[in-house]
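Quick notes on the structure that follows.
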Amino acid sequence: MADNMDVEVAQTDFVQRMSIIPIEGDEASSDTCCTFAIKEEDHTMGGILRYIMSRFPEVTFCGYSVPHPAEDEIHFRIETVEGTTPAEVLRKALDTIVNMSDHMMATFEQAIKDGKYEFVAEPDL
């Protein structure tokens, strides 16, 4: 029963964190370019996404900006070749980041199990 309550709470607390920003001059019918507004993210996620996406051959341009330091969001622009949508590329990049994070965590946990670490006390300052 508790598991069902957790799911219900999680669903009611959902906040849409991503939206598409219409850009003047973009063709409404174009499926190869899009700017996404991603709330509650900053240079950390923007830089990682840009780095990962820039290596995809189907991406012709990707970049991000922080509209204002007081705003808690980034604007992420993606342009792709015909046949691939920006949403597909964004999903692929996010999946890549999750896979990389899972690999790093597994490697870290294995190193701890194998005793390949040394605890160093933080010095008193």
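Residues are named by chain letter and number: chains run A, B, ... in the order of the structure tokens, numbers start at 1 in each chain, and ligands are numbered from 1 in the order shown.
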
Exercise for review: Extract, using only C-alpha atoms, all DNA, RNA and protein residues at most 10 Å from A:Tyr117, discarding same-chain residues fewer than 5 positions from it, and format them as a VMD selection string.
Suggested key: chain A and resid 108 111 to 112

Please identify the helix (DSSP H, G or I) residues within stretch 18-105 of chain A (assignment by DSSP from backbone atoms) and present them as a PDB file with C-alpha atoms, in the first residue's frame.
```
ATOM      1  CA  HIS A  43      25.705  25.620 -16.883  1.00  0.00           C
ATOM      2  CA  THR A  44      26.374  22.163 -15.429  1.00  0.00           C
ATOM      3  CA  MET A  45      23.675  20.434 -17.463  1.00  0.00           C
ATOM      4  CA  GLY A  46      24.014  22.825 -20.409  1.00  0.00           C
ATOM      5  CA  GLY A  47      27.710  22.102 -20.782  1.00  0.00           C
ATOM      6  CA  ILE A  48      27.291  18.344 -20.498  1.00  0.00           C
ATOM      7  CA  LEU A  49      24.436  18.260 -23.026  1.00  0.00           C
ATOM      8  CA  ARG A  50      26.350  20.458 -25.467  1.00  0.00           C
ATOM      9  CA  TYR A  51      29.488  18.311 -25.167  1.00  0.00           C
ATOM     10  CA  ILE A  52      27.618  15.029 -25.711  1.00  0.00           C
ATOM     11  CA  MET A  53      25.402  16.314 -28.548  1.00  0.00           C
ATOM     12  CA  PRO A  86      15.932  17.821 -32.211  1.00  0.00           C
ATOM     13  CA  ALA A  87      13.729  15.966 -29.702  1.00  0.00           C
ATOM     14  CA  GLU A  88      15.262  12.624 -30.776  1.00  0.00           C
ATOM     15  CA  VAL A  89      18.755  14.030 -30.348  1.00  0.00           C
ATOM     16  CA  LEU A  90      17.925  15.516 -26.945  1.00  0.00           C
ATOM     17  CA  ARG A  91      16.552  12.166 -25.770  1.00  0.00           C
ATOM     18  CA  LYS A  92      19.634  10.345 -27.098  1.00  0.00           C
ATOM     19  CA  ALA A  93      21.937  12.793 -25.268  1.00  0.00           C
ATOM     20  CA  LEU A  94      20.008  12.438 -21.998  1.00  0.00           C
ATOM     21  CA  ASP A  95      20.119   8.623 -22.311  1.00  0.00           C
ATOM     22  CA  THR A  96      23.877   8.833 -22.926  1.00  0.00           C
ATOM     23  CA  ILE A  97      24.353  10.933 -19.773  1.00  0.00           C
ATOM     24  CA  VAL A  98      22.332   8.428 -17.700  1.00  0.00           C
ATOM     25  CA  ASN A  99      24.403   5.523 -19.082  1.00  0.00           C
ATOM     26  CA  MET A 100      27.668   7.346 -18.354  1.00  0.00           C
ATOM     27  CA  SER A 101      26.523   8.128 -14.800  1.00  0.00           C
ATOM     28  CA  ASP A 102      25.507   4.497 -14.218  1.00  0.00           C
ATOM     29  CA  HIS A 103      28.915   3.316 -15.466  1.00  0.00           C
ATOM     30  CA  MET A 104      30.792   5.774 -13.233  1.00  0.00           C
ATOM     31  CA  MET A 105      28.763   4.738 -10.182  1.00  0.00           C
TER      32      MET A 105
END
```

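Residue nearest A:Phe61, chosen from A:Phe36, A:Val81, A:Phe119, A:Asp26 and counting only C-alpha atoms: A:Val81.
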
**Study point:** Distance criterion (only C-alpha atoms): nearest to A:Met18 out of A:Asp42, A:Thr84, A:Glu73, A:Cys33
**Key:** A:Glu73

Review point. When DSSP works through the backbone of this structure, what residues of stretch 26-57 of chain A end up as strand (DSSP E), shown as a PyMOL selection string?
Key: chain A and resi 33-39

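Nearest residue to A:Cys34, choosing from A:Ala121, A:Ile74, A:Cys62, A:Val15 and counting only C-alpha atoms: A:Cys62.
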